[in-house]
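Reading through the structure tokens given below for one structure.
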Amino acid sequence: MKLISWNVNGLRAAVKKGFNEYFDQMDADIFCIQESKLQAGQIELDHGDRYQQYWNYAVKKGYSGTAIFTKIEPLSVHYGLEENFEEEGRMITLEFQHFYLVNVYTPNAKRDLTRLPYRLEWEDRFRQYVQQLDQVKPVIICGDLNVAHLDIDVKNAKSNHGNSGFTTEERGKMTELLNAGFIDTFRYFYPDTTDVYSWWSYMSKVRERNIGWRIDYFLASKRLVPYLADASIDHQIMGSDHCPIILQIHDITDVPLSAPVQ
């Protein structure tokens, strides 16, 4: 099974830059996007014969938003966190027979960190939510988590310490999430790999010089480790300030459903 996640930073713009061609070429079983920046009916994608589509639109026009395209019919669909609604369209959960898939676009703390308190509170609620799911069946989390967890996940770690997305508080929340029973699949396969990023500033020559951050992730319940085949980052794919990330997993029909007692 192949899963892809991509923050497209505006789907209409990404379509003009090759999104559909990449989508068709990759032929993923599940394709998740973040920051669609759409309202209902603003775009028509010619994938309806192969994929079921699920959209979570932000109330604010041209902002945030998530979507999932899946060849596998889900058992249930949930939008947002526990309230099944949130104005910024940041999350979709699909329940499948053997796992949950959570597509998420984590709130940014903002450059001046004015939204950091909200971000940290949101992180706590998100962690509690996915932990509850994990008690029922394994969870795969994907999306733009808006944090570089380790020093090797950002090009210039020393000069970026304390900046939005690389604060001690945000990195600590990622550590808490991983300690709650999840793994960073890319780091599982490539624990020491450096200079591999998923986001670059639009400033001149930043991407050309690979001055980036790895802030897009596939996380998975620890009991899925034996079923993981590979995790990769398609850093050569343009069309957004982020690039797609990929998770490949083996057949998981025999995976233990409920999480082991801690």
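Here, A, B, ... name the chains of the structure tokens in the order displayed, residue numbers run from 1 inside each chain, and ligands are numbered from 1 in the same displayed order.
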
Would you give me, as a tab-separated table, each residue of segment 142-202 of chain A having an atom within 12 Å of an atom of segment 83-99 of chain A, along with its shortest atom pair and that distance in Å to one decimal, using only C-alpha atoms and sorting by chain and residue number?
```
residue	atom	partner	partner_atom	distance
A:Cys142	CA	A:Met91	CA	10.1
A:Gly143	CA	A:Met91	CA	9.3
A:Asp144	CA	A:Arg90	CA	10.0
A:Leu145	CA	A:Arg90	CA	10.7
```

Which neighbours of segment 157-159 of chain A fall inside 12 Å, counting only C-alpha atoms, when residues of the same chain fewer than 4 positions from it are skipped, and could you give them as a ChimeraX atom specification? /A:148-153,163,165-167,194-195,211-214

Please produce a file of the residues just selected, as a compact mmCIF listing (two decimals), in the first residue's frame, where the atoms kept are N, CA and C atoms.
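For reference, selection33.txt as written:
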```txt
# COMPACT_ATOMS: atom_id res chain seq x y z
N ALA A 148 9.99 21.12 13.18
CA ALA A 148 11.19 20.33 12.91
C ALA A 148 11.61 19.74 14.25
N HIS A 149 11.53 18.42 14.37
CA HIS A 149 11.70 17.79 15.68
C HIS A 149 13.15 17.78 16.15
N LEU A 150 14.05 17.36 15.29
CA LEU A 150 15.45 17.20 15.67
C LEU A 150 16.31 18.27 15.01
N ASP A 151 17.50 18.48 15.55
CA ASP A 151 18.42 19.44 14.94
C ASP A 151 18.70 19.09 13.48
N ILE A 152 18.77 17.79 13.16
CA ILE A 152 19.07 17.40 11.77
C ILE A 152 17.86 17.58 10.85
N ASP A 153 16.72 18.00 11.41
CA ASP A 153 15.53 18.23 10.59
C ASP A 153 15.44 19.67 10.07
N ASN A 163 12.75 29.92 16.91
CA ASN A 163 11.85 30.40 15.86
C ASN A 163 10.60 29.52 15.79
N GLY A 165 8.08 26.92 14.86
CA GLY A 165 8.33 25.62 14.28
C GLY A 165 9.57 24.95 14.80
N PHE A 166 10.36 25.68 15.60
CA PHE A 166 11.58 25.10 16.16
C PHE A 166 11.81 25.61 17.58
N THR A 167 10.70 25.88 18.27
CA THR A 167 10.80 26.27 19.67
C THR A 167 10.95 25.03 20.54
N THR A 194 20.88 13.44 6.92
CA THR A 194 20.80 14.90 7.00
C THR A 194 20.51 15.49 5.62
N ASP A 195 20.18 16.76 5.62
CA ASP A 195 19.97 17.52 4.39
C ASP A 195 18.84 16.97 3.53
N ILE A 211 18.21 24.91 1.63
CA ILE A 211 18.15 25.42 3.00
C ILE A 211 16.72 25.20 3.47
N GLY A 212 16.44 24.02 4.00
CA GLY A 212 15.07 23.64 4.28
C GLY A 212 14.81 23.13 5.68
N TRP A 213 13.57 22.71 5.89
CA TRP A 213 13.10 22.12 7.14
C TRP A 213 12.33 20.84 6.81
N ARG A 214 12.41 19.86 7.67
CA ARG A 214 11.55 18.68 7.53
C ARG A 214 10.42 18.83 8.54
```

Which of A:Glu208, A:Asp254, A:Asp46, A:Asp134 sits closest to Tyr227 of chain A [using only C-alpha atoms]: A:Asp254

Give me the residues within 9 Å of segment 48-54 of chain A as an NGL selection string, counting only C-alpha atoms and dropping any in the same chain fewer than 2 places off. :A and (29-30 or 45-46 or 56 or 66-73 or 77 or 92)

Would you please work out which residue, of A:Glu121, A:Glu170, A:Glu35, A:Asp184, is nearest to Leu11 of chain A when using only C-alpha atoms? A:Glu35

Considering only helix (DSSP H, G or I) as DSSP defines it on the backbone, what residues of segment 14-224 of chain A qualify? List them as a PyMOL selection string. chain A and resi 14-16+19-26+116-134+151-153+157-160+168-179+185-189+222-224

Which residue out of A:Phe31, A:Tyr100, A:Tyr129, A:Tyr63 has the minimum interatomic distance to Asn9 of chain A when only C-alpha atoms are used?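 The closest residue to Asn9 of chain A is A:Tyr63.
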
Which is closer to Glu21 of chain A than all the others in A:Val147, A:Ile249, A:Ala180, A:Met238, using only C-alpha atoms?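 Closest candidate: A:Met238.
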
Of the candidates A:Val15, A:Met174, A:Leu3, A:Ile183, which shows the shortest atom-to-atom distance to Ala28 of chain A, using only C-alpha atoms?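 With only C-alpha atoms as the atom set, the closest residue is A:Leu3.
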
With a distance cut-off of 12 Å and only C-alpha atoms, select the neighbouring residues of Ser232 of chain A, excluding the residue or stretch itself and same-chain residues fewer than 5 positions from it, and output the selection as a ChimeraX atom specification. /A:2-5,184-190,193,196-198,214,216-218,243-249

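Our summary of the geometry notes that atom CA of Arg223 of chain A is positioned 7.3 Å from atom CA of Pro256 of chain A.
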
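Atom to atom, atom CA of Asn103 of chain A and atom CA of Pro260 of chain A stand 23.9 Å apart.
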
Using Å and a single decimal, report how far atom CA of Lys137 of chain A sits from atom CA of Leu257 of chain A.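 One can read the atom CA of Leu257 of chain A to atom CA of Lys137 of chain A distance as 4.2 Å.
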
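Minimum atom-to-atom distances from A:Ile237, A:Leu228, A:Val59, A:Ala13 to Ile43 of chain A were compared using only C-alpha atoms, and the lowest value belongs to A:Ala13.
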